[in-house]
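Novice: Sharing work_16.txt below, compact mmCIF, C-alpha atoms:
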# COMPACT_ATOMS: atom_id res chain seq x y z
CA MET A 25 -18.36 -73.77 23.74
CA ARG A 26 -18.09 -74.62 20.06
CA PHE A 27 -16.04 -77.59 18.91
CA SER A 28 -12.85 -76.73 17.08
CA GLU A 29 -12.37 -77.93 13.53
CA GLU A 30 -9.83 -80.44 14.81
CA GLN A 31 -12.31 -81.79 17.37
CA ILE A 32 -14.97 -82.18 14.70
CA HIS A 33 -12.52 -84.14 12.57
CA ARG A 34 -11.28 -86.24 15.49
CA TYR A 35 -14.76 -87.24 16.66
CA SER A 36 -16.59 -87.04 13.31
CA ARG A 37 -17.44 -90.77 13.08
CA GLN A 38 -18.88 -90.61 16.58
CA ILE A 39 -20.69 -87.24 16.44
CA ILE A 40 -22.43 -88.46 13.28
CA LEU A 41 -23.98 -91.40 15.16
CA PRO A 42 -27.73 -91.18 15.84
CA GLY A 43 -28.27 -90.01 19.40
CA ILE A 44 -24.76 -88.64 19.95
CA GLY A 45 -24.36 -85.46 17.91
CA GLY A 46 -22.80 -82.40 19.49
CA LYS A 47 -24.79 -82.82 22.70
CA GLY A 48 -23.53 -86.36 23.29
CA GLN A 49 -19.96 -85.40 22.47
CA ARG A 50 -20.17 -82.55 24.97
CA LYS A 51 -21.43 -84.96 27.65
CA LEU A 52 -18.37 -87.13 26.98
CA GLN A 53 -16.09 -84.10 27.15
CA GLU A 54 -17.54 -83.14 30.53
CA ALA A 55 -17.52 -86.70 31.90
CA LYS A 56 -15.13 -87.84 34.63
CA VAL A 57 -14.43 -91.56 34.78
CA PHE A 58 -12.33 -93.31 37.41
CA VAL A 59 -10.57 -96.47 36.22
CA MET A 60 -9.49 -98.79 39.01
CA GLY A 61 -6.45 -100.64 37.72
CA ALA A 62 -4.24 -99.92 34.73
CA GLY A 63 -3.99 -103.60 33.88
CA GLY A 64 -5.73 -106.04 31.57
CA LEU A 65 -9.20 -104.50 31.90
CA GLY A 66 -8.25 -100.90 32.66
CA SER A 67 -5.93 -100.68 29.66
CA PRO A 68 -8.41 -101.28 26.83
CA ALA A 69 -11.18 -99.51 28.75
CA ALA A 70 -9.14 -96.35 29.33
CA LEU A 71 -7.84 -96.35 25.75
CA TYR A 72 -11.36 -96.38 24.29
CA LEU A 73 -12.59 -93.78 26.77
CA ALA A 74 -9.71 -91.48 25.85
CA ALA A 75 -10.22 -92.09 22.14
CA ALA A 76 -13.91 -91.24 22.49
CA GLY A 77 -13.05 -87.91 24.12
CA VAL A 78 -14.03 -88.56 27.75
CA GLY A 79 -12.73 -85.35 29.28
CA THR A 80 -11.23 -86.61 32.53
CA ILE A 81 -9.90 -90.07 33.31
CA GLY A 82 -8.62 -91.07 36.74
CA LEU A 83 -6.17 -93.95 36.63
CA ALA A 84 -5.32 -95.84 39.84
CA ASP A 85 -2.71 -98.55 40.18
CA SER A 86 0.11 -98.98 42.66
CA ASP A 87 2.08 -101.51 40.59
CA VAL A 88 4.96 -101.05 38.19
CA VAL A 89 4.94 -102.50 34.69
CA GLU A 90 6.37 -106.01 34.53
CA LEU A 91 7.22 -108.06 31.49
CA HIS A 92 4.48 -110.62 32.15
CA ASN A 93 1.88 -107.83 32.09
CA LEU A 94 2.49 -106.99 28.44
CA GLN A 95 0.63 -110.01 27.07
CA ARG A 96 -2.67 -108.23 27.92
CA GLN A 97 -2.07 -104.79 29.48
CA ILE A 98 -1.98 -102.81 26.25
CA LEU A 99 -1.47 -99.39 27.84
CA HIS A 100 2.17 -100.35 28.40
CA ARG A 101 5.12 -101.00 26.11
CA THR A 102 8.26 -103.12 26.56
CA ALA A 103 10.27 -99.98 27.25
CA ASP A 104 7.90 -99.14 30.13
CA VAL A 105 8.93 -102.17 32.22
CA GLY A 106 9.85 -100.88 35.67
CA LEU A 107 7.79 -97.69 35.38
CA PRO A 108 4.71 -97.09 37.53
CA LYS A 109 1.72 -98.31 35.53
CA VAL A 110 -0.15 -95.04 36.01
CA GLU A 111 2.77 -93.09 34.56
CA SER A 112 3.08 -95.34 31.53
CA GLY A 113 -0.72 -95.39 31.17
CA LYS A 114 -1.04 -91.60 31.35
CA ARG A 115 1.59 -91.19 28.66
CA THR A 116 -0.14 -93.64 26.33
CA LEU A 117 -3.55 -92.07 26.85
CA GLU A 118 -2.24 -88.55 26.32
CA SER A 119 -0.39 -89.55 23.19
CA LEU A 120 -3.63 -91.01 21.83
CA ASN A 121 -5.69 -87.96 22.76
CA PRO A 122 -3.93 -84.89 24.21
CA GLU A 123 -7.32 -83.32 25.02
CA VAL A 124 -7.98 -85.82 27.80
CA LYS A 125 -6.98 -84.92 31.34
CA VAL A 126 -5.48 -87.97 33.04
CA HIS A 127 -5.20 -87.88 36.83
CA THR A 128 -3.01 -90.59 38.29
CA TYR A 129 -3.22 -92.36 41.65
CA PRO A 130 -0.04 -94.40 42.20
CA GLU A 131 -0.88 -94.94 45.85
CA ARG A 132 -2.62 -98.08 47.06
CA ILE A 133 -6.37 -97.58 47.06
CA THR A 134 -7.65 -98.36 50.54
CA SER A 135 -10.66 -97.81 52.77
CA ALA A 136 -8.89 -94.65 53.97
CA ASN A 137 -8.68 -92.89 50.60
CA ILE A 138 -11.11 -94.40 48.11
CA ARG A 139 -14.23 -92.39 48.98
CA GLU A 140 -12.39 -89.09 48.78
CA ILE A 141 -10.88 -90.06 45.42
CA ILE A 142 -14.04 -91.27 43.68
CA LYS A 143 -16.08 -88.28 44.91
CA ALA A 144 -14.64 -86.25 42.04
CA TYR A 145 -15.83 -88.71 39.37
CA ASP A 146 -19.18 -89.49 37.76
CA LEU A 147 -18.54 -93.11 37.00
CA VAL A 148 -16.23 -95.89 38.23
CA LEU A 149 -14.84 -98.74 36.11
CA ASP A 150 -13.49 -101.60 38.16
CA GLY A 151 -10.66 -103.47 36.56
CA SER A 152 -9.02 -104.58 39.79
CA ASP A 153 -7.27 -107.93 40.02
CA ASN A 154 -8.23 -109.04 43.52
CA PHE A 155 -11.33 -109.55 45.61
CA PRO A 156 -10.47 -107.19 48.50
CA THR A 157 -10.25 -104.26 46.06
CA ARG A 158 -13.33 -105.41 44.15
CA PHE A 159 -15.44 -105.35 47.33
CA LEU A 160 -13.86 -102.10 48.47
CA VAL A 161 -14.71 -100.42 45.16
CA ASN A 162 -18.28 -101.73 45.26
CA ASP A 163 -18.85 -100.54 48.82
CA ALA A 164 -17.29 -97.13 48.16
CA CYS A 165 -19.43 -96.68 45.04
CA TYR A 166 -22.52 -97.57 47.06
CA PHE A 167 -21.72 -95.04 49.81
CA GLU A 168 -20.79 -92.33 47.28
CA LYS A 169 -23.73 -93.13 44.97
CA LYS A 170 -21.49 -93.68 41.96
CA THR A 171 -22.37 -95.91 39.04
CA LEU A 172 -20.01 -98.91 38.94
CA ILE A 173 -19.19 -100.76 35.76
CA SER A 174 -17.64 -103.99 36.89
CA GLY A 175 -15.59 -106.36 34.78
CA ALA A 176 -13.77 -109.54 35.74
CA ILE A 177 -11.72 -112.11 33.86
CA LEU A 178 -10.14 -115.46 34.59
CA ARG A 179 -8.54 -117.86 32.12
CA PHE A 180 -10.93 -117.90 29.11
CA ASP A 181 -13.93 -116.38 30.90
CA GLY A 182 -15.18 -112.90 31.54
CA GLN A 183 -18.03 -111.21 33.41
CA LEU A 184 -19.61 -107.81 33.17
CA SER A 185 -22.35 -105.84 34.87
CA THR A 186 -23.31 -102.30 35.83
CA PHE A 187 -24.24 -101.58 39.44
CA LYS A 188 -26.33 -98.58 40.28
CA PRO A 189 -28.04 -99.28 43.62
CA HIS A 190 -28.72 -95.55 44.08
CA ALA A 191 -31.03 -95.83 41.06
CA GLY A 192 -32.72 -99.03 42.18
CA GLY A 193 -30.50 -101.79 40.78
CA PRO A 194 -28.51 -104.41 42.69
CA CYS A 195 -24.97 -103.93 43.99
CA TYR A 196 -22.07 -106.36 43.63
CA ARG A 197 -22.73 -107.74 47.11
CA CYS A 198 -26.33 -108.62 46.16
CA LEU A 199 -24.68 -111.30 43.96
CA PHE A 200 -21.53 -112.00 45.92
CA PRO A 201 -22.14 -111.13 49.59
CA GLU A 202 -18.55 -111.71 50.77
CA PRO A 203 -15.13 -112.26 49.22
CA PRO A 204 -14.48 -115.96 48.57
CA PRO A 205 -12.48 -117.74 51.25
CA PRO A 206 -8.75 -117.84 50.56
CA GLY A 207 -7.85 -120.87 48.49
CA SER A 208 -11.32 -121.32 46.98
CA VAL A 209 -10.32 -119.72 43.70
CA PRO A 210 -7.05 -120.20 41.84
CA SER A 211 -4.14 -117.99 42.74
CA CYS A 212 -2.95 -115.28 40.37
CA GLN A 213 -0.05 -117.43 39.22
CA GLU A 214 -2.15 -120.56 38.73
CA ALA A 215 -5.07 -119.00 36.94
CA GLY A 216 -3.73 -117.35 33.80
CA VAL A 217 -5.78 -115.32 31.38
CA LEU A 218 -6.01 -114.97 27.62
CA GLY A 219 -5.05 -111.40 26.71
CA ALA A 220 -7.89 -111.04 24.22
CA VAL A 221 -10.42 -111.90 26.97
CA ALA A 222 -9.15 -108.92 28.96
CA GLY A 223 -9.52 -106.80 25.82
CA ILE A 224 -13.09 -107.96 25.17
CA ILE A 225 -14.34 -107.36 28.72
CA GLY A 226 -12.40 -104.08 29.12
CA ILE A 227 -13.81 -102.75 25.87
CA LEU A 228 -17.32 -103.82 26.93
CA GLN A 229 -16.77 -101.82 30.14
CA ALA A 230 -15.81 -98.79 28.03
CA ASN A 231 -18.87 -99.39 25.86
CA GLU A 232 -21.14 -99.41 28.90
CA ALA A 233 -19.45 -96.28 30.27
CA LEU A 234 -20.05 -94.44 26.99
CA LYS A 235 -23.71 -95.55 27.11
CA GLU A 236 -24.15 -94.44 30.72
CA ILE A 237 -22.61 -91.04 29.93
CA THR A 238 -24.61 -90.37 26.77
CA GLY A 239 -27.81 -92.07 28.00
CA LEU A 240 -27.90 -94.26 24.89
CA GLY A 241 -29.13 -97.82 24.65
CA GLU A 242 -30.00 -100.37 27.32
CA SER A 243 -27.99 -100.17 30.51
CA MET A 244 -26.43 -103.32 31.98
CA VAL A 245 -28.07 -102.52 35.33
CA GLY A 246 -29.87 -105.67 36.50
CA ARG A 247 -28.09 -107.76 33.86
CA PHE A 248 -25.06 -109.97 34.35
CA LEU A 249 -23.09 -110.99 31.28
CA MET A 250 -20.87 -114.04 31.15
CA PHE A 251 -18.44 -114.57 28.30
CA ASN A 252 -16.46 -117.63 27.30
CA ALA A 253 -13.76 -117.28 24.69
CA LEU A 254 -13.32 -120.96 23.85
CA ASN A 255 -16.80 -121.48 22.48
CA LEU A 256 -17.29 -117.77 21.90
CA SER A 257 -20.50 -117.55 23.89
CA PHE A 258 -22.21 -114.69 25.64
CA HIS A 259 -24.75 -115.66 28.26
CA GLU A 260 -26.84 -113.13 30.15
CA VAL A 261 -28.83 -113.54 33.35
CA LYS A 262 -31.17 -111.08 35.01
CA ILE A 263 -30.09 -110.03 38.48
CA GLN A 264 -32.16 -108.36 41.17
CA ARG A 265 -31.53 -106.40 44.28
CA ASN A 266 -31.21 -108.66 47.29
CA PRO A 267 -33.50 -107.27 50.03
CA ASN A 268 -31.20 -108.91 52.59
CA CYS A 269 -27.99 -107.57 51.03
CA LEU A 270 -25.36 -106.88 53.68
CA LEU A 271 -24.70 -103.50 52.08
CA CYS A 272 -27.76 -102.16 50.25
CA GLY A 273 -30.52 -104.31 51.80
CA GLY A 274 -33.26 -103.09 54.14
CA ASN A 275 -31.27 -103.91 57.26
CA PRO A 276 -27.64 -103.47 56.25
CA ARG A 277 -24.82 -104.86 58.39
CA ILE A 278 -22.09 -103.01 56.53
CA ARG A 279 -22.14 -99.34 57.41
CA GLU A 280 -18.57 -98.42 56.64
CA LEU A 281 -15.79 -99.57 54.35
CA ILE A 282 -14.08 -102.87 55.14
CA GLN A 283 -10.39 -103.34 54.41
CA TYR A 284 -10.11 -107.03 53.58
CA SER A 285 -6.59 -108.38 53.71
CA GLN A 286 -4.84 -108.71 50.41
CA SER A 287 -3.19 -112.01 49.61
CA CYS A 288 -2.32 -113.76 46.43
CA ARG A 289 -4.88 -116.46 47.22
CA GLY A 290 -8.21 -115.28 45.97
CA ASN A 291 -6.90 -113.08 43.24
CA VAL A 292 -8.51 -112.78 39.86
CA ALA A 293 -6.49 -111.85 36.83
CA ALA A 294 -6.54 -108.36 35.31
CA MET B 17 -38.44 -69.85 -3.12
CA THR B 18 -37.43 -66.33 -4.18
CA GLY B 19 -34.34 -64.55 -2.95
CA GLU B 20 -36.48 -62.15 -0.93
CA GLU B 21 -38.43 -64.98 0.75
CA VAL B 22 -35.19 -66.73 1.67
CA LYS B 23 -33.65 -63.57 3.09
CA GLY B 24 -36.64 -63.16 5.37
CA ILE B 25 -36.46 -66.58 7.00
CA VAL B 26 -32.75 -67.38 7.18
CA GLU B 27 -31.46 -67.05 10.74
CA LYS B 28 -27.83 -67.96 10.14
CA GLU B 29 -25.41 -68.70 7.34
CA LEU B 30 -22.64 -71.31 7.36
CA ASN B 31 -19.90 -71.14 4.77
CA LEU B 32 -18.41 -74.59 4.24
CA LYS B 33 -16.53 -73.88 1.03
CA GLY B 34 -13.36 -75.94 0.88
CA LYS B 35 -14.75 -78.56 3.32
CA ILE B 36 -15.54 -82.14 2.40
CA CYS B 37 -17.85 -84.86 3.73
CA PRO B 38 -18.57 -85.87 6.42
CA TYR B 39 -17.24 -82.63 7.93
CA THR B 40 -19.85 -80.64 5.94
CA PHE B 41 -22.75 -82.55 7.46
CA ILE B 42 -21.34 -82.62 10.99
CA GLU B 43 -20.62 -78.88 11.09
CA THR B 44 -24.16 -78.26 9.73
CA MET B 45 -25.69 -80.49 12.39
CA LEU B 46 -23.64 -78.92 15.21
CA THR B 47 -24.69 -75.44 14.05
CA LEU B 48 -28.36 -76.48 13.97
CA GLU B 49 -28.07 -77.94 17.49
CA GLU B 50 -27.08 -74.48 18.73
CA MET B 51 -29.88 -72.66 16.92
CA GLU B 52 -33.41 -72.03 18.12
CA PRO B 53 -36.05 -74.59 17.07
CA ASP B 54 -37.70 -73.98 13.69
CA LYS B 55 -35.09 -71.44 12.55
CA VAL B 56 -33.56 -71.77 9.08
CA LEU B 57 -29.86 -72.24 8.33
CA ARG B 58 -28.31 -71.40 4.96
CA VAL B 59 -25.33 -73.61 4.17
CA ILE B 60 -22.94 -72.91 1.31
CA ILE B 61 -20.84 -75.79 -0.02
CA ASP B 62 -18.56 -76.33 -3.02
CA TYR B 63 -17.78 -80.03 -2.64
CA PRO B 64 -20.00 -81.70 -5.29
CA PRO B 65 -20.86 -84.92 -3.35
CA ALA B 66 -22.01 -82.78 -0.40
CA ALA B 67 -24.86 -81.39 -2.52
CA CYS B 68 -26.45 -84.86 -2.35
CA GLU B 69 -25.04 -86.26 0.87
CA VAL B 70 -25.62 -83.34 3.24
CA PRO B 71 -29.34 -82.93 2.42
CA GLN B 72 -29.86 -86.70 2.60
CA SER B 73 -28.09 -86.98 5.96
CA LEU B 74 -30.05 -84.00 7.30
CA LYS B 75 -33.33 -85.66 6.23
CA ASN B 76 -32.24 -88.92 7.90
CA GLU B 77 -31.70 -86.98 11.12
CA GLY B 78 -35.20 -85.53 10.89
CA TYR B 79 -34.39 -82.04 9.63
CA GLU B 80 -36.56 -80.40 6.95
CA VAL B 81 -34.51 -79.54 3.88
CA LEU B 82 -36.21 -76.59 2.20
CA GLU B 83 -34.02 -76.11 -0.81
CA VAL B 84 -30.82 -77.33 -2.51
CA CYS B 85 -29.66 -75.35 -5.54
CA PRO B 86 -26.51 -74.24 -7.35
CA ILE B 87 -25.82 -70.54 -6.99
CA ASN B 88 -22.94 -70.31 -9.45
CA GLY B 89 -20.55 -72.60 -11.31
CA THR B 90 -18.99 -74.02 -8.13
CA ASP B 91 -21.21 -73.41 -5.13
CA TRP B 92 -24.52 -74.80 -3.84
CA VAL B 93 -26.82 -73.49 -1.19
CA ILE B 94 -28.77 -75.73 1.16
CA LEU B 95 -31.62 -74.31 3.22
CA VAL B 96 -32.54 -76.40 6.25
CA ARG B 97 -35.04 -75.82 9.01
CA ASN B 98 -34.09 -76.75 12.55
CA LYS B 99 -36.12 -79.40 14.38
CA GLU B 100 -38.81 -78.47 16.84
CA MET B 101 -37.92 -78.75 20.51
CA GLU B 102 -37.33 -82.45 21.38
Could you express the structure from this file as structure tokens?

Specialist:
Amino acid sequence: MRFSEEQIHRYSRQIILPGIGGKGQRKLQEAKVFVMGAGGLGSPAALYLAAAGVGTIGLADSDVVELHNLQRQILHRTADVGLPKVESGKRTLESLNPEVKVHTYPERITSANIREIIKAYDLVLDGSDNFPTRFLVNDACYFEKKTLISGAILRFDGQLSTFKPHAGGPCYRCLFPEPPPPGSVPSCQEAGVLGAVAGIIGILQANEALKEITGLGESMVGRFLMFNALNLSFHEVKIQRNPNCLLCGGNPRIRELIQYSQSCRGNVAA
Amino acid sequence: MTGEEVKGIVEKELNLKGKICPYTFIETMLTLEEMEPDKVLRVIIDYPPAACEVPQSLKNEGYEVLEVCPINGTDWVILVRNKEME
């Protein structure tokens, strides 16, 4: 199908890029990306995906917009306080780019529904704000063979990696075998997060998603990026598949999804 | 290149009169992407900067620009050959 004149204008600065062209833009148009969380990470990530013309975006979040979210969750406006985040997020994304189909999942994402939901997508971006969901998303992506672009933030720090164990790379559990014990990391209220840090990591997740979709550049598979805002440093370490990984190792112990209990202790900000 | 020679090799014509850069280049590139390798596209433009910028951008992208010339007081024609199969 040919691009309309309006589409050519809308995406002109992107189509013109070496390696994208019409073929790359079409890949974006046909891509389906699931964004877990319409919060600090999901907001900037989904905005840039929609702006770039990713054809279908799935947005999952069971929370409503609260005033204290607005310092970093840029999908939502002051007038949206009290609305389900997915509803507010869908409206913002569609007002930015009406061509994008936004599917919303206001229900809680659990071991009972996640595999069925992500089946319909090519790529998963995790912007969840707690460890139970983070591990659930990783395990579901492993079982469904979906590429996972994982971002995390806390205070002034951020982390990013791409997990593609179905293509030979490590999974999240190769690095972090189990959720941390309750109380070992600051609670959601104690921790805090600088809004711009959420923006930086969320946009990097969108960047990696656009690269995975178009096949451009060097994937973050096997690479783990750590960011600190206070000294503005990016530090990268190589990561490898753990042959003894509980999930993707040679003798896996985890053969089905685990529903870890959700408590405020052990949350990360998003 | 004579008019007869051009007529023989041109596969498709793209009229971009009234369009400005970078639209002119992008529409040209998108049209070439849909054409068979090695085929020639004839592009007509009337936006003066495009007479320089479109051929240069096409060359940067690896296309062979065969000819750029004015055809009357306002319009230019650009002949460009599509890339071989990548």

Novice: Excluding Ile87 in chain B and any residue of its chain fewer than 4 positions from it, enumerate the residues within 12 Å of it, using all atoms listed in the file, and give them as an MDAnalysis selection string.

Specialist: chainID B and resid 19 59:62 67 83 91:94

Novice: Next, dump the selected residues to file, keeping only C-alpha atoms, as a PDB file, keeping the file's coordinate frame.

Specialist:
ATOM      1  CA  GLY B  19     -34.340 -64.550  -2.950  1.00  0.00           C
ATOM      2  CA  VAL B  59     -25.330 -73.610   4.170  1.00  0.00           C
ATOM      3  CA  ILE B  60     -22.940 -72.910   1.310  1.00  0.00           C
ATOM      4  CA  ILE B  61     -20.840 -75.790  -0.020  1.00  0.00           C
ATOM      5  CA  ASP B  62     -18.560 -76.330  -3.020  1.00  0.00           C
ATOM      6  CA  ALA B  67     -24.860 -81.390  -2.520  1.00  0.00           C
ATOM      7  CA  GLU B  83     -34.020 -76.110  -0.810  1.00  0.00           C
ATOM      8  CA  ASP B  91     -21.210 -73.410  -5.130  1.00  0.00           C
ATOM      9  CA  TRP B  92     -24.520 -74.800  -3.840  1.00  0.00           C
ATOM     10  CA  VAL B  93     -26.820 -73.490  -1.190  1.00  0.00           C
ATOM     11  CA  ILE B  94     -28.770 -75.730   1.160  1.00  0.00           C
TER      12      ILE B  94
END

Novice: Distance cut-off 7 Å, counting only C-alpha atoms - which residues of chain B neighbour chain A? Return them as a VMD selection string.

Specialist: chain B and resid 39 42 46

Novice: So that I can see what lies close to Ala233 in chain A, please list as an MDAnalysis selection string the residues with an atom at most 8 Å from it, counting all atoms listed in the file and leaving out residues fewer than 3 positions away in the same chain.

Specialist: chainID A and resid 147 149 173 229:230 236:237

Novice: Here is a test: counting only C-alpha atoms, which residue of B:Thr47, B:Pro64, B:Leu82, B:Glu100 is nearest to Lys28 in chain B?

Specialist: B:Thr47

Novice: Report as a list of chain:residue names all protein, DNA and RNA residues lying within 7 Å of range 178-184 of chain A, evaluated on all atoms listed in the file, omitting residues in the same chain fewer than 5 positions from it.

Specialist: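 The neighbour list is A:Ala215, A:Gly216, A:Val217, A:Leu218, A:Val221, A:Ile225, A:Phe248, A:Leu249, A:Met250, A:Phe251, A:Asn252, A:Ala253, A:Leu254, A:Val292, A:Ala293.
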
Novice: Report, in Å to a single decimal, how far apart CA of Leu73 in chain A and CA of Leu99 in chain A are.

Specialist: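 Distance reported for this atom pair: 12.5 Å.
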
Novice: Can you measure CA of Ala222 in chain A to CA of Ile177 in chain A for me? One decimal in Å is fine.

Specialist: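 So the answer is 6.4 Å.
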
Novice: Model the absent atoms of range 68-87 of chain B so that N, CA and C atoms are present, and write the result as a compact mmCIF listing (two decimals), keeping the file's coordinate frame.

Specialist:
# COMPACT_ATOMS: atom_id res chain seq x y z
N CYS B 68 -25.51 -83.74 -2.53
CA CYS B 68 -26.45 -84.86 -2.35
C CYS B 68 -26.41 -85.38 -0.92
N GLU B 69 -25.19 -85.55 -0.41
CA GLU B 69 -25.04 -86.26 0.87
C GLU B 69 -25.51 -85.44 2.07
N VAL B 70 -25.23 -84.14 2.08
CA VAL B 70 -25.62 -83.34 3.24
C VAL B 70 -27.15 -83.27 3.36
N PRO B 71 -27.88 -82.95 2.27
CA PRO B 71 -29.34 -82.93 2.42
C PRO B 71 -29.91 -84.29 2.82
N GLN B 72 -29.36 -85.37 2.26
CA GLN B 72 -29.86 -86.70 2.60
C GLN B 72 -29.61 -87.01 4.08
N SER B 73 -28.40 -86.71 4.55
CA SER B 73 -28.09 -86.98 5.96
C SER B 73 -28.95 -86.12 6.88
N LEU B 74 -29.19 -84.88 6.49
CA LEU B 74 -30.05 -84.00 7.30
C LEU B 74 -31.47 -84.57 7.38
N LYS B 75 -31.98 -85.06 6.24
CA LYS B 75 -33.33 -85.66 6.23
C LYS B 75 -33.35 -86.89 7.14
N ASN B 76 -32.29 -87.71 7.06
CA ASN B 76 -32.24 -88.92 7.90
C ASN B 76 -32.27 -88.57 9.38
N GLU B 77 -31.74 -87.41 9.72
CA GLU B 77 -31.70 -86.98 11.12
C GLU B 77 -32.98 -86.25 11.51
N GLY B 78 -33.91 -86.13 10.58
CA GLY B 78 -35.20 -85.53 10.89
C GLY B 78 -35.30 -84.03 10.64
N TYR B 79 -34.32 -83.47 9.96
CA TYR B 79 -34.39 -82.04 9.63
C TYR B 79 -35.18 -81.86 8.32
N GLU B 80 -35.81 -80.70 8.18
CA GLU B 80 -36.56 -80.40 6.95
C GLU B 80 -35.66 -79.61 6.01
N VAL B 81 -35.33 -80.22 4.87
CA VAL B 81 -34.51 -79.54 3.88
C VAL B 81 -35.45 -78.75 2.96
N LEU B 82 -35.28 -77.43 2.95
CA LEU B 82 -36.21 -76.59 2.20
C LEU B 82 -35.77 -76.43 0.75
N GLU B 83 -34.48 -76.39 0.56
CA GLU B 83 -34.02 -76.11 -0.81
C GLU B 83 -32.56 -76.52 -0.96
N VAL B 84 -32.23 -77.05 -2.14
CA VAL B 84 -30.82 -77.33 -2.51
C VAL B 84 -30.67 -76.82 -3.93
N CYS B 85 -29.83 -75.81 -4.15
CA CYS B 85 -29.66 -75.35 -5.54
C CYS B 85 -28.29 -74.74 -5.77
N PRO B 86 -27.79 -74.88 -7.03
CA PRO B 86 -26.51 -74.24 -7.35
C PRO B 86 -26.68 -72.73 -7.40
N ILE B 87 -25.70 -72.01 -6.94
CA ILE B 87 -25.82 -70.54 -6.99
C ILE B 87 -24.82 -69.94 -7.98
